[in-house]
There are 2 protein chains.
Amino acid sequence: MDVSSRRPSMADVAARSGVSYQTVSRVLNEPDIVKPATRSRVREAISELGYTRNRAARALKTTRSSLIGMLTDGSALFGPTETTTAIESAARRAGYSVLLTTVGAEDGAGREVGGELLGSGADGILVVAAHEGMVPAVSTAARSTPVVAVAARSLQMQGIEVVGVDQRLGARQVIEHLARTGVRSVVHAAGPQDWFDARSRQEGFEEAIALHGLDGAVVGPGDWTPRSGYELTNALVRDGLPEAIFAANDMMAIGVLHALHEHRIRVPEDCAVVGFDNTLGAEFQVPSLTTVAQPFAELGRLALERLLHLLEGTELPPGTPSTLPPRLVVRRSTRPERTH
Amino acid sequence: MDVSSRRPSMADVAARSGVSYQTVSRVLNEPDIVKPATRSRVREAISELGYTRNRAARALKTTRSSLIGMLTDGSALFGPTETTTAIESAARRAGYSVLLTTVGAEDGAGREVGGELLGSGADGILVVAAHEGMVPAVSTAARSTPVVAVAARSLQMQGIEVVGVDQRLGARQVIEHLARTGVRSVVHAAGPQDWFDARSRQEGFEEAIALHGLDGAVVGPGDWTPRSGYELTNALVRDGLPEAIFAANDMMAIGVLHALHEHRIRVPEDCAVVGFDNTLGAEFQVPSLTTVAQPFAELGRLALERLLHLLEGTELPPGTPSTLPPRLVVRRSTRPERTH
DNA sequence: GCCCCGAATGCTAACGTTCACATCACCGAA
DNA sequence: TTCGGTGATGTGAACGTTAGCATTCGGGGC
C-alpha cells in the first residue's frame, strides 16, 4: 500500500510483474519480440497501476518530443478553427500532441514567439493562418525545425513547404461567375495587405478582371471585420456603386450586405455581393451569401501529413497535392447565370 | 566549427564561457546569485550558440512539464476562439505552453482523450467548451491533475473548480428586456441538451418567464447551427409564431432571422429575435442582432489564473470572481424598451 | 554428449537538466 | 597571522526512459 504520490514508473510495473524494466519498455515499443505470456502479465500490471509513459524521459532519451507546434493568428477574426481541429485530431492519431502558439497583434514582429517555438522542442511546426508578422518567427524556426505552412504560398520562397487552397483561383471563379450573371463592374473590398491570403485573392481578382474585360477597382484595405466591409460600402454608396462587390471574406461581406440594406439597395438586383470562406452563417444571411468554400479540414490533414513525412524523412505518396481547389458556392446574393 | 547537428547543451555553453554547467543553470534560473561578470559572459555564450533549454530534461528532473492541457470541443461550431487565445497568451506569459486537445463528436465518450491527456504530462488542465461528452475524460484527469473548467458550472459537483459566465443571468436579462419592450410571448430555441451552457440558458429562460408571467415555450433542441434555428423557426411559423424568439446562440439566431425574412415576417415589429454570444457578425445582421455579450477573453485569463494558483498551491487574491456577468447588447432585432 | 544458434530477457550507460552538498577564494576580525 | 564566514562556483547523483550489448535458456545437428 505504498501510496507514494509519485506517478508509477517502469520500475514499478517491472517489479509488479516480475520482469526487468527493459522488458516493460519492450512491451510498450516492440510488443512482438516479447513472449505472449510475459507480455500480457506486463500489460496487466500496467493497467492495475494506471501507468503511463513519462513523456519527458522518453523525449530526453530519444531526442524527439512527439510535439508539433502549431503557430496561428490570435486575432480571432479568422475563421478556420476547422483547420486547427483537423490538425489536432490527425496529429493525435499519429502519436503527436499539438502545442498551440498564437501570435497576436501585440507580439510585434513575433520574434519572441519564434524563440518560444524553438525552445518548445517541437519536432515540427505548422503555421496556420499566416501574415507577414509571422515571417521572422517562422523563418528563424525553419532553420532548425521542419516547417509546413498552410495557405501562405509566399513563404515558399523561404524554403518552407507550403500547402494551401488556391486563393487566386477562388477569386477568378468569383469574377467568372459574376461575368456570367451579366455584371459589368466589380469592386473588390480587399483584406489586410499583410495577410498572404488577402493579397492572393486580390491578385486573382485583378487577373480575372483583366481577362474578362470588366470594369474593376479595389477599395480598402479592410481588416476582415464586418465593420470594415460596412464602412467601405458606405463610401462606395457615396462615390458610386458598382454592379457587384466582392469582399475579401465572409465577415466583410456581412458588413457589405448590412450597409446596402441600410441604403435600400437591393441585393442582387442593384448590387451583387460575394464573400470568401463559406463560414457557418453565410448560407443564412439575407440574402444568402454567394461565397467561396475552402476545404479547411482537408487542408489541415494535408499539412499534417506533409509535416509527418518531413519528420520521418519519408517520401510523400506520389500524387499528393500541395494545392487544393476552392469551390464557388452560388447562392442568392448574386443573380442567376445567364444560360442564353 | 563542429557542426554537430545536435542542439547545444548546457555543457557546450559552459565550455565556451569557461564555467561549469551548474553555473549556466544558475544564470538561467537564479541569475541574482551569480557574479555579474560571469553572468554576462555566460549570457553571451548562450546567444552565440543559440542555446535554448532542453524542455524534456528540465521536465524530467523537476517533474513539472510547464505544459497546460487545454481540452476543447472540436466541432468548430462553438465561438470562443477568443477564450483559447487569451488562455494561450496568458499561459505563455506565465512560462507555460499550451497543449491543445480537441474532443470531437467521433471520440465517443472521450475516454481515449482522457488517457491522452493524462499521458501528456500536463501540469494542469483547462476545459474550455464543455459538454457531457467530456465529463468522463475530465473527471478521470481530475484525479491526478489540477483541473479548472470554463463555463460549465455543473462540473463543480465533481470537485472541479469552475470559472464561468453566468448564463442564467444572461437569459434573464434577455427576457427582462423583452418584457420591457412589451412582448407577451417568447419561445426559446434551445441548444443541444448535452452542453452545459445550453441547459443553463434554458433554465434562466424558464425562471424569467415564470417571474415575469410571460407566455413561454421551449422548442428544439437545436444544434448551435444556423440551420437548426432556421428549421425550428419554420415550424413555429406553421404552428403559430410568438412575439419573440430567443435563440440559444447567435448562429441559431441567424437562422431564425433568415426564416422570418423568407416568410416576410418583420423583425422586430411582428417578431423580435435575440441571440447569445455577440459573435463578430451579430451587429451586422439584418436587422442587427440583440444578443448577450460574454467576456470571453477575460474568462480565459481568469481560468488560467485560477489554474496557476492551483498549481503553485497559493491562495487566490481575495475578491477574485469565479463568475463573470454577461452583458445584454440591445440592437435592432428587438423593439425599443417602453420608457413610459 | 557437445556445441552452436536463436529467442527471450537482463544489465549498463546515457540523454540534459536540477538538487544537495562540497569546495574554493577572499574578506574582516581577533 | 590565523580563523570563521560568506559569496561564488564546482562536483556527484538522480529524474525515467531507450539503445546497445551481454546473458540466459532451451533445442536441434553433429
# chains A, B, ... in the order shown; residues from 1 in each chain; ligands from 1
$ interface_residues --of "chain B" --to "chain C" --cutoff "7 Å" --atoms "only C-alpha atoms (C1' of nucleotides)" --output "JSON, numbers by chain"
{"B": [9, 54, 57, 58, 61, 62]}
$ write_last_selection --atoms "C-alpha atoms" --output "short mmCIF file (atom, residue, chain, number, x, y, z; two decimals), in the first residue's frame"
data_model
loop_
_atom_site.label_atom_id
_atom_site.label_comp_id
_atom_site.auth_asym_id
_atom_site.auth_seq_id
_atom_site.Cartn_x
_atom_site.Cartn_y
_atom_site.Cartn_z
CA SER B 9 23.52 21.81 -24.29
CA ASN B 54 16.02 21.35 -23.24
CA ALA B 57 15.40 17.22 -19.46
CA ARG B 58 14.11 20.02 -17.34
CA LYS B 61 14.28 16.44 -13.39
CA THR B 62 11.77 18.83 -11.92
#
$ residues_around --residues "Ala190 in chain A" --least-positions-apart "3" --cutoff "8 Å" --atoms "only C-alpha atoms (C1' of nucleotides)" --output "tab-separated table (two decimals) with C-alpha atoms, in the first residue's frame"
chain	number	residue	atom	x	y	z
A	193	GLN	CA	-2.41	43.62	-47.10
A	198	ALA	CA	-5.79	38.68	-48.76
A	199	ARG	CA	-3.16	39.53	-51.32
A	202	GLN	CA	-6.79	40.48	-54.69
A	218	VAL	CA	-10.09	47.79	-55.43
A	219	VAL	CA	-11.11	49.57	-52.25
A	220	GLY	CA	-9.78	49.14	-48.80
A	221	PRO	CA	-7.92	47.51	-47.33
A	222	GLY	CA	-10.36	46.34	-44.74
A	247	ALA	CA	-15.49	41.16	-50.29
A	248	ALA	CA	-12.22	39.63	-49.14
$ interface_residues --of "chain D" --to "chain A" --cutoff "10 Å" --atoms "only C-alpha atoms (C1' of nucleotides)" --output "ChimeraX atom specification"
/D:15-19
$ interface_residues --of "chain B" --to "chain A" --cutoff "8 Å" --atoms "only C-alpha atoms" --output "PyMOL selection string"
chain B and resi 52-57+59-60+65+74-77+81-82+85+88-89+97-102+118-121+225-227+251+254-255+258+261+280-281+284-286
$ atom_distance --atom1 "CA of Pro192 in chain A" --atom2 "CA of His131 in chain A"
9.1 Å
$ atom_distance --atom1 "CA of Gly170 in chain A" --atom2 "CA of Phe276 in chain A"
8.3 Å
$ select_by_dssp --residues "range 103-293 of chain A" --states "strand (DSSP E)" --output "number ranges by chain"
A: 103, 124-127, 147-150, 161-165, 185-189, 215-219, 244-247, 272-274, 291-293
$ select_by_dssp --residues "range 62-298 of chain A" --states "helix (DSSP H, G or I)" --output "mmCIF file with C-alpha atoms, in the first residue's frame"
data_model
loop_
_atom_site.group_PDB
_atom_site.id
_atom_site.type_symbol
_atom_site.label_atom_id
_atom_site.label_comp_id
_atom_site.auth_asym_id
_atom_site.auth_seq_id
_atom_site.Cartn_x
_atom_site.Cartn_y
_atom_site.Cartn_z
ATOM 1 C CA THR A 62 15.029 9.725 -27.951
ATOM 2 C CA THR A 81 -10.982 26.639 -36.442
ATOM 3 C CA GLU A 82 -11.786 23.687 -38.603
ATOM 4 C CA THR A 83 -8.221 23.520 -39.813
ATOM 5 C CA THR A 84 -6.731 23.543 -36.351
ATOM 6 C CA THR A 85 -9.173 20.920 -35.199
ATOM 7 C CA ALA A 86 -8.397 18.686 -38.131
ATOM 8 C CA ILE A 87 -4.708 19.070 -37.478
ATOM 9 C CA GLU A 88 -5.031 18.225 -33.845
ATOM 10 C CA SER A 89 -7.055 15.107 -34.351
ATOM 11 C CA ALA A 90 -4.837 13.858 -37.164
ATOM 12 C CA ALA A 91 -1.778 14.548 -35.058
ATOM 13 C CA ARG A 92 -3.190 12.646 -32.138
ATOM 14 C CA ARG A 93 -3.850 9.674 -34.339
ATOM 15 C CA ALA A 105 -1.120 41.764 -32.883
ATOM 16 C CA GLU A 106 0.554 42.786 -29.662
ATOM 17 C CA ASP A 107 3.512 40.497 -30.221
ATOM 18 C CA ARG A 111 10.338 37.411 -32.582
ATOM 19 C CA GLU A 112 9.642 36.483 -29.034
ATOM 20 C CA VAL A 113 7.201 33.885 -30.207
ATOM 21 C CA GLY A 114 9.838 32.490 -32.502
ATOM 22 C CA GLY A 115 12.112 31.924 -29.569
ATOM 23 C CA GLU A 116 9.342 30.252 -27.643
ATOM 24 C CA LEU A 117 8.653 27.990 -30.567
ATOM 25 C CA LEU A 118 12.222 26.856 -30.761
ATOM 26 C CA GLY A 119 12.543 26.396 -27.052
ATOM 27 C CA GLU A 132 3.698 38.989 -42.616
ATOM 28 C CA GLY A 133 4.080 39.381 -38.883
ATOM 29 C CA MET A 134 4.822 35.694 -38.588
ATOM 30 C CA VAL A 135 7.575 35.584 -41.152
ATOM 31 C CA PRO A 136 10.526 36.369 -38.896
ATOM 32 C CA ALA A 137 9.462 33.817 -36.320
ATOM 33 C CA VAL A 138 8.809 31.212 -38.946
ATOM 34 C CA SER A 139 11.963 31.603 -40.922
ATOM 35 C CA THR A 140 14.011 31.544 -37.745
ATOM 36 C CA ALA A 141 12.307 28.368 -36.654
ATOM 37 C CA ALA A 142 12.721 26.826 -40.087
ATOM 38 C CA ARG A 153 2.194 30.387 -50.764
ATOM 39 C CA SER A 154 4.654 33.223 -50.494
ATOM 40 C CA LEU A 155 6.516 31.525 -47.701
ATOM 41 C CA GLN A 156 7.746 29.017 -50.218
ATOM 42 C CA MET A 157 10.468 31.474 -51.080
ATOM 43 C CA GLN A 158 11.991 30.892 -47.685
ATOM 44 C CA GLN A 167 -6.917 31.653 -53.428
ATOM 45 C CA ARG A 168 -6.374 33.204 -56.828
ATOM 46 C CA LEU A 169 -8.406 30.517 -58.463
ATOM 47 C CA GLY A 170 -11.161 31.202 -55.965
ATOM 48 C CA ALA A 171 -11.156 34.864 -56.819
ATOM 49 C CA ARG A 172 -11.185 34.060 -60.534
ATOM 50 C CA GLN A 173 -14.159 31.775 -60.075
ATOM 51 C CA VAL A 174 -15.987 34.604 -58.374
ATOM 52 C CA ILE A 175 -15.341 37.029 -61.207
ATOM 53 C CA GLU A 176 -16.240 34.482 -63.877
ATOM 54 C CA HIS A 177 -19.478 33.788 -62.121
ATOM 55 C CA LEU A 178 -20.246 37.488 -61.851
ATOM 56 C CA ALA A 179 -19.426 37.964 -65.521
ATOM 57 C CA ARG A 180 -21.820 35.211 -66.476
ATOM 58 C CA PHE A 196 -0.998 36.336 -47.669
ATOM 59 C CA ASP A 197 -4.491 35.147 -48.426
ATOM 60 C CA ALA A 198 -5.790 38.677 -48.765
ATOM 61 C CA ARG A 199 -3.155 39.533 -51.320
ATOM 62 C CA SER A 200 -3.695 36.352 -53.316
ATOM 63 C CA ARG A 201 -7.407 36.987 -53.526
ATOM 64 C CA GLN A 202 -6.793 40.477 -54.693
ATOM 65 C CA GLU A 203 -4.332 39.306 -57.334
ATOM 66 C CA GLY A 204 -6.785 36.730 -58.564
ATOM 67 C CA PHE A 205 -9.398 39.439 -58.750
ATOM 68 C CA GLU A 206 -7.180 41.706 -60.823
ATOM 69 C CA GLU A 207 -6.185 38.932 -63.209
ATOM 70 C CA ALA A 208 -9.750 37.914 -63.808
ATOM 71 C CA ILE A 209 -10.952 41.469 -64.249
ATOM 72 C CA ALA A 210 -8.387 41.984 -66.976
ATOM 73 C CA LEU A 211 -9.165 38.653 -68.562
ATOM 74 C CA HIS A 212 -12.880 39.301 -68.824
ATOM 75 C CA PRO A 226 -17.851 43.204 -40.784
ATOM 76 C CA ARG A 227 -17.364 46.782 -39.741
ATOM 77 C CA SER A 228 -14.690 47.374 -42.321
ATOM 78 C CA GLY A 229 -16.919 45.925 -45.034
ATOM 79 C CA TYR A 230 -19.693 48.164 -43.818
ATOM 80 C CA GLU A 231 -17.626 51.309 -43.914
ATOM 81 C CA LEU A 232 -16.076 50.607 -47.286
ATOM 82 C CA THR A 233 -19.540 50.074 -48.695
ATOM 83 C CA ASN A 234 -20.861 53.307 -47.267
ATOM 84 C CA ALA A 235 -18.059 55.112 -49.053
ATOM 85 C CA LEU A 236 -18.947 53.297 -52.257
ATOM 86 C CA VAL A 237 -22.569 54.324 -51.958
ATOM 87 C CA ARG A 238 -21.441 57.917 -51.725
ATOM 88 C CA ASP A 239 -18.963 57.722 -54.579
ATOM 89 C CA ASP A 250 -17.488 36.499 -45.445
ATOM 90 C CA MET A 251 -17.282 38.755 -42.429
ATOM 91 C CA MET A 252 -16.603 41.764 -44.565
ATOM 92 C CA ALA A 253 -19.373 40.642 -46.905
ATOM 93 C CA ILE A 254 -21.768 40.652 -43.990
ATOM 94 C CA GLY A 255 -20.892 44.269 -43.379
ATOM 95 C CA VAL A 256 -21.387 44.982 -47.058
ATOM 96 C CA LEU A 257 -24.843 43.443 -47.011
ATOM 97 C CA HIS A 258 -25.765 45.433 -43.969
ATOM 98 C CA ALA A 259 -24.702 48.732 -45.490
ATOM 99 C CA LEU A 260 -26.545 48.020 -48.730
ATOM 100 C CA HIS A 261 -29.651 47.145 -46.789
ATOM 101 C CA GLU A 262 -29.485 50.385 -44.877
ATOM 102 C CA ALA A 282 -23.044 32.590 -44.852
ATOM 103 C CA GLU A 283 -25.908 30.479 -46.103
ATOM 104 C CA PHE A 284 -28.343 32.203 -43.776
ATOM 105 C CA PHE A 296 -10.368 23.696 -44.316
ATOM 106 C CA ALA A 297 -10.362 20.291 -42.698
ATOM 107 C CA GLU A 298 -8.808 18.603 -45.694
#
$ atom_distance --atom1 "CA of Leu316 in chain B" --atom2 "CA of Ala129 in chain B"
23.3 Å
$ decode --residues "chain D" --atoms "C-alpha atoms (C1' of nucleotides)" --output "PDB file, in the first residue's frame"
ATOM      1  C1'  DT D   1      48.872  35.638  11.138  1.00  0.00           C
ATOM      2  C1'  DT D   2      45.059  32.804  11.692  1.00  0.00           C
ATOM      3  C1'  DC D   3      40.376  31.774  11.629  1.00  0.00           C
ATOM      4  C1'  DG D   4      35.339  31.784  10.753  1.00  0.00           C
ATOM      5  C1'  DG D   5      32.214  33.184   7.434  1.00  0.00           C
ATOM      6  C1'  DT D   6      30.162  34.458   3.312  1.00  0.00           C
ATOM      7  C1'  DG D   7      29.673  34.665  -1.631  1.00  0.00           C
ATOM      8  C1'  DA D   8      30.680  32.273  -5.850  1.00  0.00           C
ATOM      9  C1'  DT D   9      31.326  28.241  -8.226  1.00  0.00           C
ATOM     10  C1'  DG D  10      32.128  23.177  -8.916  1.00  0.00           C
ATOM     11  C1'  DT D  11      31.007  18.008  -8.309  1.00  0.00           C
ATOM     12  C1'  DG D  12      28.142  13.896  -7.904  1.00  0.00           C
ATOM     13  C1'  DA D  13      23.864  11.894  -8.266  1.00  0.00           C
ATOM     14  C1'  DA D  14      19.396  11.332  -9.860  1.00  0.00           C
ATOM     15  C1'  DC D  15      14.916  12.022 -12.686  1.00  0.00           C
ATOM     16  C1'  DG D  16      12.604   7.715 -16.230  1.00  0.00           C
ATOM     17  C1'  DT D  17      13.408   6.228 -20.378  1.00  0.00           C
ATOM     18  C1'  DT D  18      15.765   3.732 -24.531  1.00  0.00           C
ATOM     19  C1'  DA D  19      19.991   1.825 -27.202  1.00  0.00           C
ATOM     20  C1'  DG D  20      23.423  -1.480 -27.318  1.00  0.00           C
ATOM     21  C1'  DC D  21      25.343  -5.219 -25.799  1.00  0.00           C
ATOM     22  C1'  DA D  22      25.551  -9.234 -22.602  1.00  0.00           C
ATOM     23  C1'  DT D  23      23.444 -13.094 -20.682  1.00  0.00           C
ATOM     24  C1'  DT D  24      20.457 -16.992 -20.138  1.00  0.00           C
ATOM     25  C1'  DC D  25      17.716 -20.710 -21.708  1.00  0.00           C
ATOM     26  C1'  DG D  26      16.150 -24.454 -24.480  1.00  0.00           C
ATOM     27  C1'  DG D  27      16.553 -27.296 -28.530  1.00  0.00           C
ATOM     28  C1'  DG D  28      18.458 -29.354 -32.816  1.00  0.00           C
ATOM     29  C1'  DG D  29      22.502 -31.073 -35.549  1.00  0.00           C
ATOM     30  C1'  DC D  30      26.880 -33.297 -35.421  1.00  0.00           C
TER      31       DC D  30
END
